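Contents: one structure, followed by commentary.
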Amino acid sequence: MISSIRIYFLGTGGSWPTPQRNTPAIAIRVDDEAILFDCGESAQVSLMKSSLSMMKIRKIFITHYHGDHYLGLPGLIQTMSFYGRTEPLEIYGPVGSSSLLSNLLSIGYYSLNFDISIIDLHGGENMDFGDYSVRVAKANHTVPALSYALVEKDVLRFDEDKIRNANVPRRLLERMRKEGYVDVNGRRITLDEVSGGVRKGRKISYSGDTRRDQSLLDLFRDSTILIHEATGDSSNRDKVEAYGHSTGLDAALQARDSNSRRLVLTHFSPRYSSIKPILDEARSVFRNVVAAEEMMEMEVSLDDGKT
């Protein structure tokens, strides 16, 4: 059972870094584990400035191989090795990841103290990692690209009155959750006897780079938080779409149509000195929206996942 989920916005710009915004990198901490989505060139520096240790990262998911989304990998991995990492690292990405990243990570003279597994994804996968899964769908970009959703598994709620009436010690509750029963004073008490229903798991979806596409709504459906790219506003729609991106309005429509609870806009074009036009048009159709800022952190509370 997951206690805490926290999101770290380590890079919120797109295309190239600026003094105001780094290239894309978003980390999600699930209790004591961190999962990194995209790894722009400044990701390791942002991690060092954050409250999240890069050594907690066990999995990295790359959306696609435009440079702003993956060029931070060699530096991050070398620094992990300098820090003495021995725990294996898993890297996931679109088809071709295994060959591309194997070549990238072999550049230069350095040695690693840990194993790296590189896994190609086709879109459509639903990978089970215990208390959570990661679902994958094809994005609509100019190169092969993926969108992801991290989904906490539903958890059975305990009814406090039933627990007291059954005299179940609180220290036995997690054992009961795992095994389905506990024995107390010679009596077997099942999970159903103290159940108070199901708590819906929290869900964080990340679009990566994509045009607005109806086919992604299934992946985003009922997201607690949808993190969606918003490269520009609708006054630049033709150019935004031509390069395989979304406007603020597009992102808001995806949030509305997928019944998402909150929308966080990211991947802003460095051509914008102010992102107010992007945020304003998103708010015209979806009110619960914020623009990601560099080093912003967001706790995903248990209440966020309620139905």
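Note on naming: chains are A, B, ... as they come in the structure tokens, residues start from 1 per chain, ligands start from 1 in the order shown.
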Would you kindly return, as a list in words, each protein, DNA or RNA residue with an atom no farther than 6 Å from any atom of Arg211 of chain A, considering only C-alpha atoms and excluding same-chain residues fewer than 6 positions away? Asn140, Gly244, His245 and Ser246 of chain A
Go ahead and dump the residues you just picked, N, CA and C atoms, as a PDB file, in the first residue's frame.
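The resulting file, selection_34.pdb, is reproduced below:
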ATOM      1  N   ASN A 140       0.888  11.253 -30.472  1.00  0.00           N
ATOM      2  CA  ASN A 140       0.776  11.735 -31.851  1.00  0.00           C
ATOM      3  C   ASN A 140       1.797  12.860 -32.057  1.00  0.00           C
ATOM      4  N   GLY A 244       3.956  18.899 -34.109  1.00  0.00           N
ATOM      5  CA  GLY A 244       3.513  17.757 -33.319  1.00  0.00           C
ATOM      6  C   GLY A 244       3.216  18.064 -31.874  1.00  0.00           C
ATOM      7  N   HIS A 245       2.733  19.285 -31.594  1.00  0.00           N
ATOM      8  CA  HIS A 245       2.509  19.712 -30.215  1.00  0.00           C
ATOM      9  C   HIS A 245       1.060  20.118 -29.968  1.00  0.00           C
ATOM     10  N   SER A 246       0.782  20.497 -28.726  1.00  0.00           N
ATOM     11  CA  SER A 246      -0.554  20.920 -28.301  1.00  0.00           C
ATOM     12  C   SER A 246      -0.526  22.364 -27.824  1.00  0.00           C
TER      13      SER A 246
END
Please provide the set of residues having any atom within 12 Å of segment 185-196 of chain A, restricted to only C-alpha atoms, with same-chain residues fewer than 6 positions apart removed, written as a PyMOL selection string. chain A and resi 155-170+172-179
One decimal, in Å: what's the spacing between atom CA of Asp257 of chain A and atom CA of Met295 of chain A?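 Between these atoms lies a distance of 28.6 Å.
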Selected residue of minimal separation from Val151 of chain A among A:Ile225, A:Ile275, A:Leu253, A:Leu100, counting only C-alpha atoms: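 Answer, going by the shortest atom-to-atom distance: A:Ile225.
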In segment 1-97 of chain A, DSSP helix (DSSP H, G or I) residues written as a PyMOL selection string: chain A and resi 43-49+54-56+67-69+73-82+97
Might you pull out every residue within 8 Å of Ala34 of chain A, with only C-alpha atoms counted and same-chain residues fewer than 6 positions away left off, and present them as a list in words?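 In the requested form, the answer reads Ala27, Ile28, Lys56, Ile57, Arg58 and Lys59 of chain A.
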Using the selection just defined, write its residues with N, CA, C and O atoms as a JSON list (two decimals), in the first residue's frame.
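Here's the written file again-v2.json:
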[["chain", "number", "residue", "atom", "x", "y", "z"],
["A", 27, "ALA", "N", 9.82, 14.00, -12.09],
["A", 27, "ALA", "CA", 10.00, 12.84, -11.22],
["A", 27, "ALA", "C", 8.75, 12.65, -10.36],
["A", 27, "ALA", "O", 8.12, 13.62, -9.94],
["A", 28, "ILE", "N", 8.41, 11.40, -10.13],
["A", 28, "ILE", "CA", 7.32, 11.06, -9.23],
["A", 28, "ILE", "C", 7.88, 10.15, -8.15],
["A", 28, "ILE", "O", 8.43, 9.08, -8.45],
["A", 56, "LYS", "N", 17.45, 7.59, -5.54],
["A", 56, "LYS", "CA", 16.16, 6.93, -5.34],
["A", 56, "LYS", "C", 15.52, 6.51, -6.65],
["A", 56, "LYS", "O", 14.54, 5.77, -6.67],
["A", 57, "ILE", "N", 16.06, 7.01, -7.77],
["A", 57, "ILE", "CA", 15.46, 6.72, -9.08],
["A", 57, "ILE", "C", 15.75, 5.27, -9.46],
["A", 57, "ILE", "O", 16.92, 4.87, -9.57],
["A", 58, "ARG", "N", 14.70, 4.50, -9.67],
["A", 58, "ARG", "CA", 14.85, 3.10, -10.06],
["A", 58, "ARG", "C", 14.44, 2.86, -11.51],
["A", 58, "ARG", "O", 14.87, 1.89, -12.12],
["A", 59, "LYS", "N", 13.57, 3.73, -12.02],
["A", 59, "LYS", "CA", 13.08, 3.57, -13.38],
["A", 59, "LYS", "C", 13.05, 4.93, -14.07],
["A", 59, "LYS", "O", 12.72, 5.94, -13.44]]
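Picture a line from atom CA of Asp222 of chain A to atom CA of Ile5 of chain A; it runs 16.9 Å.
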Residues within 9 Å of Asp131 of chain A, only C-alpha atoms, excluding chain neighbours under 3 positions, as a PyMOL selection string: chain A and resi 1-2+128+151-154
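With only C-alpha atoms as the atoms that count, the residue of A:Tyr65, A:Gly130, A:Ser269, A:Ile107 with the shortest distance to Gln78 of chain A is A:Ile107.
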Hey, what's within 10 Å of Arg271 of chain A if we count only C-alpha atoms and toss same-chain stuff fewer than 2 positions away? As a PyMOL selection string, please? chain A and resi 14-15+18+231-232+268-269+273-275
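Nearest to Glu87 of chain A of all the residues A:Tyr109, A:Phe114, A:Tyr148, A:Phe129 is A:Phe114, counting only C-alpha atoms.
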Do you know which residues are at most 8 Å from Leu150 of chain A counting only C-alpha atoms, after dropping those on the same chain fewer than 3 positions away, and could you put them as a list in words?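 With the cut-off at 8 Å, the set is Tyr132, Ser133, Val134, Arg135, Lys203, Ile204 and Ser205 of chain A.
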Take the selection from the previous step and output its residues with N, CA, C and O atoms, as a compact mmCIF listing (two decimals), in the first residue's frame.
# COMPACT_ATOMS: atom_id res chain seq x y z
N TYR A 132 1.82 -0.25 -7.84
CA TYR A 132 1.39 0.62 -8.93
C TYR A 132 1.72 -0.04 -10.26
O TYR A 132 2.50 -1.00 -10.34
N SER A 133 1.11 0.47 -11.30
CA SER A 133 1.43 0.03 -12.66
C SER A 133 1.74 1.26 -13.50
O SER A 133 1.39 2.39 -13.13
N VAL A 134 2.38 1.04 -14.63
CA VAL A 134 2.61 2.10 -15.61
C VAL A 134 2.00 1.64 -16.93
O VAL A 134 2.36 0.58 -17.46
N ARG A 135 1.05 2.44 -17.40
CA ARG A 135 0.38 2.16 -18.67
C ARG A 135 0.99 3.02 -19.77
O ARG A 135 1.43 4.15 -19.50
N LYS A 203 -3.87 8.46 -9.83
CA LYS A 203 -3.38 8.27 -11.20
C LYS A 203 -2.75 9.56 -11.70
O LYS A 203 -3.38 10.61 -11.68
N ILE A 204 -1.50 9.45 -12.14
CA ILE A 204 -0.80 10.61 -12.71
C ILE A 204 -0.45 10.27 -14.16
O ILE A 204 0.28 9.30 -14.42
N SER A 205 -0.97 11.04 -15.09
CA SER A 205 -0.72 10.82 -16.51
C SER A 205 0.19 11.91 -17.06
O SER A 205 0.13 13.07 -16.63
Give the strand (DSSP E) residues of segment 22-109 of chain A, as assigned by DSSP on the backbone, as a ChimeraX atom specification. /A:25-30,33-37,57-61,89-94
I need the residues from that last selection saved to file as a tab-separated table (two decimals), in the first residue's frame (with N, CA and C atoms), if you can.
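Saved result, result.tsv, follows:
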chain	number	residue	atom	x	y	z
A	25	ALA	N	11.78	17.22	-17.62
A	25	ALA	CA	12.10	16.16	-16.66
A	25	ALA	C	11.10	16.27	-15.52
A	26	ILE	N	10.41	15.18	-15.26
A	26	ILE	CA	9.42	15.14	-14.18
A	26	ILE	C	9.65	13.87	-13.38
A	27	ALA	N	9.82	14.00	-12.09
A	27	ALA	CA	10.00	12.84	-11.22
A	27	ALA	C	8.75	12.65	-10.36
A	28	ILE	N	8.41	11.40	-10.13
A	28	ILE	CA	7.32	11.06	-9.23
A	28	ILE	C	7.88	10.15	-8.15
A	29	ARG	N	7.79	10.59	-6.89
A	29	ARG	CA	8.24	9.76	-5.77
A	29	ARG	C	7.06	8.98	-5.23
A	30	VAL	N	7.19	7.67	-5.22
A	30	VAL	CA	6.18	6.78	-4.68
A	30	VAL	C	6.78	6.15	-3.43
A	33	GLU	N	10.60	5.24	-3.47
A	33	GLU	CA	11.10	5.03	-4.83
A	33	GLU	C	10.79	6.23	-5.69
A	34	ALA	N	11.70	6.56	-6.61
A	34	ALA	CA	11.44	7.65	-7.56
A	34	ALA	C	11.44	7.11	-8.97
A	35	ILE	N	10.53	7.64	-9.77
A	35	ILE	CA	10.42	7.29	-11.19
A	35	ILE	C	10.58	8.59	-11.97
A	36	LEU	N	11.48	8.60	-12.95
A	36	LEU	CA	11.75	9.80	-13.74
A	36	LEU	C	11.11	9.65	-15.11
A	37	PHE	N	10.38	10.68	-15.51
A	37	PHE	CA	9.78	10.72	-16.84
A	37	PHE	C	10.47	11.82	-17.65
A	57	ILE	N	16.06	7.01	-7.77
A	57	ILE	CA	15.46	6.72	-9.08
A	57	ILE	C	15.75	5.27	-9.46
A	58	ARG	N	14.70	4.50	-9.67
A	58	ARG	CA	14.85	3.10	-10.06
A	58	ARG	C	14.44	2.86	-11.51
A	59	LYS	N	13.57	3.73	-12.02
A	59	LYS	CA	13.08	3.57	-13.38
A	59	LYS	C	13.05	4.93	-14.07
A	60	ILE	N	13.39	4.95	-15.36
A	60	ILE	CA	13.32	6.15	-16.17
A	60	ILE	C	12.49	5.81	-17.41
A	61	PHE	N	11.49	6.64	-17.68
A	61	PHE	CA	10.63	6.46	-18.86
A	61	PHE	C	10.85	7.64	-19.80
A	89	LEU	N	19.29	-0.11	-12.65
A	89	LEU	CA	18.45	0.95	-13.18
A	89	LEU	C	17.74	0.43	-14.42
A	90	GLU	N	16.44	0.72	-14.53
A	90	GLU	CA	15.66	0.32	-15.69
A	90	GLU	C	15.30	1.57	-16.49
A	91	ILE	N	15.51	1.52	-17.81
A	91	ILE	CA	15.15	2.62	-18.70
A	91	ILE	C	14.19	2.09	-19.75
A	92	TYR	N	13.06	2.78	-19.90
A	92	TYR	CA	12.02	2.39	-20.85
A	92	TYR	C	11.85	3.50	-21.88
A	93	GLY	N	11.52	3.12	-23.10
A	93	GLY	CA	11.27	4.12	-24.13
A	93	GLY	C	10.70	3.49	-25.38
A	94	PRO	N	10.45	4.29	-26.41
A	94	PRO	CA	9.88	3.77	-27.67
A	94	PRO	C	10.80	2.74	-28.32
Just the residues within 12 Å of Arg256 of chain A, please, counting only C-alpha atoms, with nothing from its chain fewer than 4 positions along; format it as a ChimeraX atom specification. /A:214,217,220-223,225-226,249-252,260-263,282-289
Output for the residues just chosen: N, CA and C atoms as a JSON list (two decimals), in the first residue's frame:
[["chain", "number", "residue", "atom", "x", "y", "z"],
["A", 214, "GLN", "N", -7.73, 12.01, -29.77],
["A", 214, "GLN", "CA", -8.80, 11.30, -29.07],
["A", 214, "GLN", "C", -8.32, 9.94, -28.56],
["A", 217, "LEU", "N", -7.33, 9.56, -24.87],
["A", 217, "LEU", "CA", -8.30, 9.77, -23.78],
["A", 217, "LEU", "C", -8.43, 8.53, -22.89],
["A", 220, "PHE", "N", -5.61, 8.66, -20.40],
["A", 220, "PHE", "CA", -5.76, 9.75, -19.44],
["A", 220, "PHE", "C", -7.01, 9.63, -18.57],
["A", 221, "ARG", "N", -7.92, 8.74, -18.92],
["A", 221, "ARG", "CA", -9.24, 8.67, -18.29],
["A", 221, "ARG", "C", -9.14, 8.67, -16.77],
["A", 222, "ASP", "N", -9.89, 9.60, -16.13],
["A", 222, "ASP", "CA", -10.01, 9.69, -14.66],
["A", 222, "ASP", "C", -8.67, 9.93, -13.98],
["A", 223, "SER", "N", -7.78, 10.65, -14.64],
["A", 223, "SER", "CA", -6.50, 10.98, -14.00],
["A", 223, "SER", "C", -6.73, 11.87, -12.78],
["A", 225, "ILE", "N", -4.17, 13.61, -11.67],
["A", 225, "ILE", "CA", -3.44, 14.75, -12.24],
["A", 225, "ILE", "C", -3.01, 14.38, -13.65],
["A", 226, "LEU", "N", -3.37, 15.21, -14.60],
["A", 226, "LEU", "CA", -2.91, 15.07, -15.97],
["A", 226, "LEU", "C", -1.85, 16.15, -16.23],
["A", 249, "LEU", "N", -5.26, 25.24, -25.04],
["A", 249, "LEU", "CA", -6.65, 24.84, -25.23],
["A", 249, "LEU", "C", -6.74, 23.33, -25.49],
["A", 250, "ASP", "N", -5.83, 22.81, -26.32],
["A", 250, "ASP", "CA", -5.82, 21.37, -26.58],
["A", 250, "ASP", "C", -5.67, 20.57, -25.29],
["A", 251, "ALA", "N", -4.72, 20.99, -24.45],
["A", 251, "ALA", "CA", -4.48, 20.27, -23.20],
["A", 251, "ALA", "C", -5.72, 20.30, -22.31],
["A", 252, "ALA", "N", -6.38, 21.46, -22.25],
["A", 252, "ALA", "CA", -7.58, 21.59, -21.42],
["A", 252, "ALA", "C", -8.71, 20.70, -21.93],
["A", 260, "SER", "N", -10.41, 14.17, -16.13],
["A", 260, "SER", "CA", -9.29, 14.34, -15.21],
["A", 260, "SER", "C", -9.66, 15.34, -14.12],
["A", 261, "ARG", "N", -9.05, 15.19, -12.95],
["A", 261, "ARG", "CA", -9.38, 16.07, -11.83],
["A", 261, "ARG", "C", -8.59, 17.38, -11.87],
["A", 262, "ARG", "N", -7.28, 17.27, -12.14],
["A", 262, "ARG", "CA", -6.43, 18.45, -12.20],
["A", 262, "ARG", "C", -5.55, 18.38, -13.44],
["A", 263, "LEU", "N", -5.25, 19.55, -13.99],
["A", 263, "LEU", "CA", -4.39, 19.65, -15.16],
["A", 263, "LEU", "C", -3.19, 20.52, -14.82],
["A", 282, "ALA", "N", -6.49, 27.76, -21.54],
["A", 282, "ALA", "CA", -6.79, 26.47, -20.90],
["A", 282, "ALA", "C", -7.91, 26.65, -19.87],
["A", 283, "ARG", "N", -7.85, 27.72, -19.11],
["A", 283, "ARG", "CA", -8.85, 27.97, -18.06],
["A", 283, "ARG", "C", -10.23, 28.29, -18.64],
["A", 284, "SER", "N", -10.27, 28.65, -19.90],
["A", 284, "SER", "CA", -11.57, 28.96, -20.50],
["A", 284, "SER", "C", -12.45, 27.72, -20.64],
["A", 285, "VAL", "N", -11.84, 26.52, -20.61],
["A", 285, "VAL", "CA", -12.64, 25.30, -20.72],
["A", 285, "VAL", "C", -12.42, 24.32, -19.57],
["A", 286, "PHE", "N", -11.37, 24.54, -18.76],
["A", 286, "PHE", "CA", -11.08, 23.63, -17.65],
["A", 286, "PHE", "C", -10.49, 24.46, -16.51],
["A", 287, "ARG", "N", -11.25, 24.56, -15.42],
["A", 287, "ARG", "CA", -10.87, 25.52, -14.37],
["A", 287, "ARG", "C", -9.72, 25.05, -13.49],
["A", 288, "ASN", "N", -9.65, 23.76, -13.21],
["A", 288, "ASN", "CA", -8.66, 23.28, -12.24],
["A", 288, "ASN", "C", -7.33, 23.02, -12.94],
["A", 289, "VAL", "N", -6.66, 24.10, -13.31],
["A", 289, "VAL", "CA", -5.43, 23.99, -14.09],
["A", 289, "VAL", "C", -4.40, 24.96, -13.54]]
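Coordinates place atom CA of Ala43 of chain A at a distance of 14.2 Å from atom CA of Ile7 of chain A.
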